[in-house]
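See below for model00.txt, which holds compact mmCIF, C-alpha atoms.
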```txt
# COMPACT_ATOMS: atom_id res chain seq x y z
CA MET A 12 77.23 98.74 111.80
CA GLY A 13 77.37 94.93 111.91
CA ASN A 14 73.79 94.43 110.71
CA LEU A 15 74.20 96.91 107.88
CA TRP A 16 77.46 95.23 106.84
CA ASN A 17 75.68 91.88 106.68
CA GLU A 18 72.96 93.43 104.48
CA ILE A 19 75.65 94.82 102.18
CA LEU A 20 77.36 91.43 101.97
CA ASP A 21 74.04 89.67 101.25
CA ALA A 22 73.30 92.05 98.37
CA PHE A 23 76.86 91.96 97.06
CA PHE A 24 77.19 88.18 96.94
CA LEU A 25 73.72 87.85 95.43
CA ASN A 26 74.82 90.03 92.49
CA ALA A 27 78.56 89.34 92.15
CA ASN A 28 78.21 85.84 90.67
CA LEU A 29 81.59 84.73 91.98
CA ARG A 30 82.73 81.18 91.31
CA PRO A 31 85.13 79.16 93.46
CA ARG A 32 88.78 80.30 93.33
CA GLN A 33 87.88 83.69 91.89
CA ILE A 34 89.22 86.81 93.59
CA LEU A 35 87.34 89.44 95.59
CA VAL A 36 89.30 92.66 96.13
CA LEU A 37 88.52 94.66 99.27
CA GLY A 38 89.63 98.24 99.74
CA CYS A 39 88.57 99.80 103.03
CA SER A 40 89.41 103.06 104.72
CA THR A 41 88.45 102.46 108.33
CA SER A 42 89.18 106.17 108.84
CA GLU A 43 86.40 107.11 106.41
CA VAL A 44 84.00 104.67 108.07
CA ILE A 45 84.36 106.55 111.36
CA GLY A 46 84.08 109.95 109.69
CA GLN A 47 87.73 110.93 109.50
CA ARG A 48 89.85 111.73 106.46
CA ILE A 49 91.30 108.70 104.69
CA GLY A 50 94.53 107.61 106.37
CA GLN A 51 94.03 109.82 109.40
CA GLY A 52 92.20 107.59 111.87
CA SER A 53 92.90 103.94 111.06
CA SER A 54 90.71 101.83 113.33
CA LEU A 55 91.55 98.24 114.23
CA GLU A 56 88.17 98.09 115.97
CA VAL A 57 86.31 98.79 112.71
CA ALA A 58 88.46 96.24 110.88
CA GLU A 59 87.66 93.69 113.57
CA VAL A 60 83.93 94.23 112.99
CA LEU A 61 84.08 94.10 109.17
CA LEU A 62 86.63 91.43 108.35
CA PRO A 63 85.31 88.30 110.15
CA PRO A 64 81.86 88.24 108.47
CA LEU A 65 83.50 88.77 105.08
CA LEU A 66 86.04 86.01 105.73
CA ARG A 67 83.20 83.61 106.66
CA ARG A 68 81.47 84.27 103.34
CA VAL A 69 84.69 84.02 101.36
CA HIS A 70 85.42 80.62 102.94
CA GLU A 71 81.83 79.42 102.39
CA GLN A 72 82.06 80.27 98.68
CA GLY A 73 85.60 79.02 98.22
CA ILE A 74 86.85 82.31 96.79
CA PHE A 75 90.04 84.22 97.46
CA LEU A 76 90.09 87.57 99.28
CA ALA A 77 92.67 90.23 98.42
CA VAL A 78 92.82 93.16 100.87
CA GLN A 79 94.34 96.32 99.40
CA GLY A 80 96.66 98.48 101.45
CA CYS A 81 97.14 102.22 101.16
CA GLU A 82 99.51 104.17 98.95
CA HIS A 83 102.27 103.99 101.58
CA ILE A 84 102.80 100.37 100.50
CA ASN A 85 101.98 101.05 96.83
CA ARG A 86 98.47 99.64 97.29
CA ALA A 87 99.92 96.15 97.69
CA LEU A 88 97.45 93.48 98.74
CA VAL A 89 97.33 90.80 101.41
CA VAL A 90 96.33 87.44 99.93
CA GLU A 91 96.53 83.85 101.01
CA GLU A 92 99.65 82.10 99.75
CA ALA A 93 97.33 79.64 97.94
CA CYS A 94 95.90 82.54 95.90
CA ALA A 95 99.38 83.75 94.95
CA GLU A 96 100.34 80.24 93.90
CA HIS A 97 97.11 79.54 91.99
CA TYR A 98 97.34 82.78 89.97
CA GLU A 99 101.17 82.77 89.81
CA LEU A 100 101.38 86.18 91.47
CA GLU A 101 104.70 87.73 92.34
CA VAL A 102 105.09 87.99 96.10
CA VAL A 103 106.68 91.20 97.40
CA THR A 104 108.36 91.98 100.69
CA VAL A 105 106.43 94.39 102.86
CA ARG A 106 104.41 93.90 106.01
CA PRO A 107 101.32 96.04 106.56
CA ALA A 108 101.26 98.36 109.55
CA LEU A 109 98.50 100.57 110.93
CA HIS A 110 99.81 103.70 109.19
CA ALA A 111 101.46 101.97 106.23
CA GLY A 112 98.85 99.68 104.80
CA GLY A 113 95.94 100.39 107.11
CA ALA A 114 93.88 98.65 109.74
CA MET A 115 92.16 96.26 107.34
CA THR A 116 95.44 94.91 105.93
CA VAL A 117 96.84 94.53 109.46
CA LYS A 118 93.77 92.48 110.47
CA ALA A 119 93.92 90.44 107.26
CA TRP A 120 97.59 89.67 107.93
CA GLU A 121 96.61 88.44 111.41
CA LYS A 122 93.59 86.39 110.34
CA PHE A 123 94.73 84.79 107.06
CA SER A 124 96.22 81.32 107.51
CA SER A 125 99.27 81.95 105.33
CA PRO A 126 99.37 85.64 104.29
CA VAL A 127 101.66 87.06 101.64
CA MET A 128 101.78 90.44 99.92
CA VAL A 129 101.41 90.99 96.18
CA GLU A 130 101.68 94.21 94.23
CA ARG A 131 99.36 93.35 91.34
CA ILE A 132 96.22 91.29 90.96
CA GLN A 133 93.21 91.14 88.65
CA GLY A 134 90.18 90.53 90.82
CA HIS A 135 86.82 89.33 89.58
CA ALA A 136 84.81 91.60 91.89
CA GLY A 137 85.41 94.33 94.41
CA ILE A 138 84.16 96.14 97.48
CA ASP A 139 85.50 99.67 97.95
CA ILE A 140 84.69 101.35 101.25
CA GLY A 141 85.81 104.96 101.48
CA ASP A 142 87.00 105.55 97.90
CA THR A 143 90.27 103.63 98.17
CA PHE A 144 90.36 103.20 94.37
CA ILE A 145 90.56 99.44 93.92
CA GLY A 146 89.96 99.70 90.16
CA MET A 147 93.63 99.12 89.40
CA HIS A 148 93.22 95.65 90.90
CA LEU A 149 90.10 94.60 88.97
CA ARG A 150 89.94 92.87 85.61
CA PRO A 151 88.99 95.09 82.68
CA VAL A 152 85.29 95.80 82.24
CA ALA A 153 84.13 96.43 85.77
CA ILE A 154 80.34 96.58 86.16
CA PRO A 155 78.87 98.52 89.10
CA ILE A 156 76.66 96.59 91.50
CA ARG A 157 73.94 98.95 92.68
CA ILE A 158 72.29 98.20 96.00
CA HIS A 159 70.09 100.17 98.39
CA VAL A 160 73.05 101.06 100.65
CA LYS A 161 75.37 103.86 99.52
CA GLU A 162 77.48 104.33 102.66
CA LEU A 163 78.94 102.29 105.48
CA GLY A 164 79.31 104.52 108.50
CA GLU A 165 80.53 107.77 106.96
CA ALA A 166 82.32 106.06 104.05
CA HIS A 167 81.11 106.00 100.45
CA LEU A 168 80.45 102.43 99.27
CA THR A 169 81.16 101.13 95.76
CA LEU A 170 80.60 97.53 94.67
CA ALA A 171 81.62 95.99 91.36
CA ARG A 172 81.84 92.75 89.45
CA THR A 173 83.68 92.17 86.20
CA ARG A 174 82.84 90.50 82.92
CA PRO A 175 84.91 89.42 79.93
CA ARG A 176 85.47 92.02 77.22
CA LEU A 177 83.09 92.07 74.27
CA ILE A 178 85.22 91.87 71.13
CA GLY A 179 84.45 91.97 67.44
CA GLY A 180 82.43 94.17 65.16
CA PRO A 181 78.84 94.56 64.04
CA ARG A 182 78.50 90.87 63.11
CA ALA A 183 79.78 89.55 66.45
CA MET A 184 77.42 87.53 68.63
CA TYR A 185 77.70 87.78 72.42
CA GLU A 186 75.08 85.35 73.72
```
What would the structure in this file look like if it were written as structure tokens?
Amino acid sequence: MGNLWNEILDAFFLNANLRPRQILVLGCSTSEVIGQRIGQGSSLEVAEVLLPPLLRRVHEQGIFLAVQGCEHINRALVVEEACAEHYELEVVTVRPALHAGGAMTVKAWEKFSSPVMVERIQGHAGIDIGDTFIGMHLRPVAIPIRIHVKELGEAHLTLARTRPRLIGGPRAMYE
């Protein structure tokens, strides 16, 4: 799974066009990755395989990572305190657990240097592993990123970037 994940990350970052200090939202059902129903088999082992390579790339590019939890914590996200401060996000009080947040948020909480939880964010791009529905945390006008990989393990994979809205009428110029 590690090699495939690196291929996915290569293709994603090639197409996402993220700039420093922008936000990447990650939603990941480790249960779905191992072929179980979402929320039924949270796997710290899968999170431990997937999170470190992503964190390396995030640090290399100077972007913020927001890791979405499950509905048991209202899909709140783990972010670095610096992200919350930079975007003036309201910090909420909840700590992710294996069955209330999920394995990926637990690992993010452990590995981030100064983790906090936020309830709302508007990310610039997203990786959704296992149909966790990260769309509520992306900026308007999400654009799918299509790559050769459609699944990670047994989980459906969706990648997206965002762009500013096109406004105006028939005389508007966009480029």
Residues near stretch 71-75 of chain A, anyone? I mean within 8 Å using all atoms listed in the file, not counting same-chain ones fewer than 6 positions away, as JSON, numbers by chain. {"A": [29, 30, 31, 32, 33, 34, 35, 90, 91, 94]}
Nearest to A:Asp139 by atom-to-atom distance, counting only C-alpha atoms, from A:Gly38, A:Pro64, A:Gly180, A:Gly13: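 Looking at the shortest contact to A:Asp139, the residue is A:Gly38.
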d(atom CA of A:Asn28, atom CA of A:Ile145) in Å: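 One can read the atom CA of A:Asn28 to atom CA of A:Ile145 distance as 18.7 Å.
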Who sits within 8 Å of A:Gly80, only C-alpha atoms, same chain under 2 positions skipped, as a PyMOL selection string: chain A and resi 38+78+82-89+107+111-113+115-116
Out of A:Glu165, A:Glu186, A:Glu130, A:Glu59, which residue has the shortest atom-to-atom distance to A:Cys81 when counting all atoms listed in the file?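 Among the listed residues, A:Glu130 lies closest to A:Cys81.
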Separation of atom CA of A:Ala27 and atom CA of A:Ile158, in Å?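 Straight-line distance from atom CA of A:Ala27 to atom CA of A:Ile158 works out to 11.5 Å.
The coordinates place atom CA of A:Leu62 at 10.7 Å from atom CA of A:Val117.
All residues of protein, DNA or RNA that reach within 7 Å of A:Ser42, judged by only C-alpha atoms and not counting those fewer than 4 positions away in the chain, are Gly46, Gln47, Arg48, Ile49, Gly50, Gln51, Gly52, Ser53 and Ser54 of chain A.
Among A:Leu55, A:Val44, A:Ile140, A:Leu109, the residue with the shortest atom-to-atom distance to A:Leu168, counting all atoms listed in the file, is A:Ile140.
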Report as a PDB file with C-alpha atoms, in the frame of the given file all protein, DNA and RNA residues lying within 12 Å of A:Asn17, evaluated on only C-alpha atoms, omitting residues in the same chain fewer than 5 positions from it.
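What follows is the written file out.pdb:
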```pdb
ATOM      1  CA  MET A  12      77.230  98.740 111.800  1.00  0.00           C
ATOM      2  CA  ALA A  22      73.300  92.050  98.370  1.00  0.00           C
ATOM      3  CA  PHE A  23      76.860  91.960  97.060  1.00  0.00           C
ATOM      4  CA  PHE A  24      77.190  88.180  96.940  1.00  0.00           C
ATOM      5  CA  VAL A  60      83.930  94.230 112.990  1.00  0.00           C
ATOM      6  CA  LEU A  61      84.080  94.100 109.170  1.00  0.00           C
ATOM      7  CA  LEU A  62      86.630  91.430 108.350  1.00  0.00           C
ATOM      8  CA  PRO A  63      85.310  88.300 110.150  1.00  0.00           C
ATOM      9  CA  PRO A  64      81.860  88.240 108.470  1.00  0.00           C
ATOM     10  CA  LEU A  65      83.500  88.770 105.080  1.00  0.00           C
ATOM     11  CA  LEU A  66      86.040  86.010 105.730  1.00  0.00           C
ATOM     12  CA  ARG A  67      83.200  83.610 106.660  1.00  0.00           C
ATOM     13  CA  ARG A  68      81.470  84.270 103.340  1.00  0.00           C
ATOM     14  CA  VAL A 160      73.050 101.060 100.650  1.00  0.00           C
ATOM     15  CA  LEU A 163      78.940 102.290 105.480  1.00  0.00           C
TER      16      LEU A 163
END
```
The residues within 10 Å of (88.4, 98.9, 86.4), using all atoms listed in the file and the coordinates of the file, should be reported as a ChimeraX atom specification; which are they? /A:133-134,136-137,144-155,171-173
Nearest to A:Leu76 among A:Val57, A:Met128, A:Val103, A:Leu37, with distances taken over all atoms listed in the file: which residue is it? A:Leu37
Tell me which of A:Thr169, A:Thr143, A:Gln79, A:Ser124 sits closest to A:Ile19, counting only C-alpha atoms.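 Checking each candidate against A:Ile19, we get A:Thr169 as the closest.
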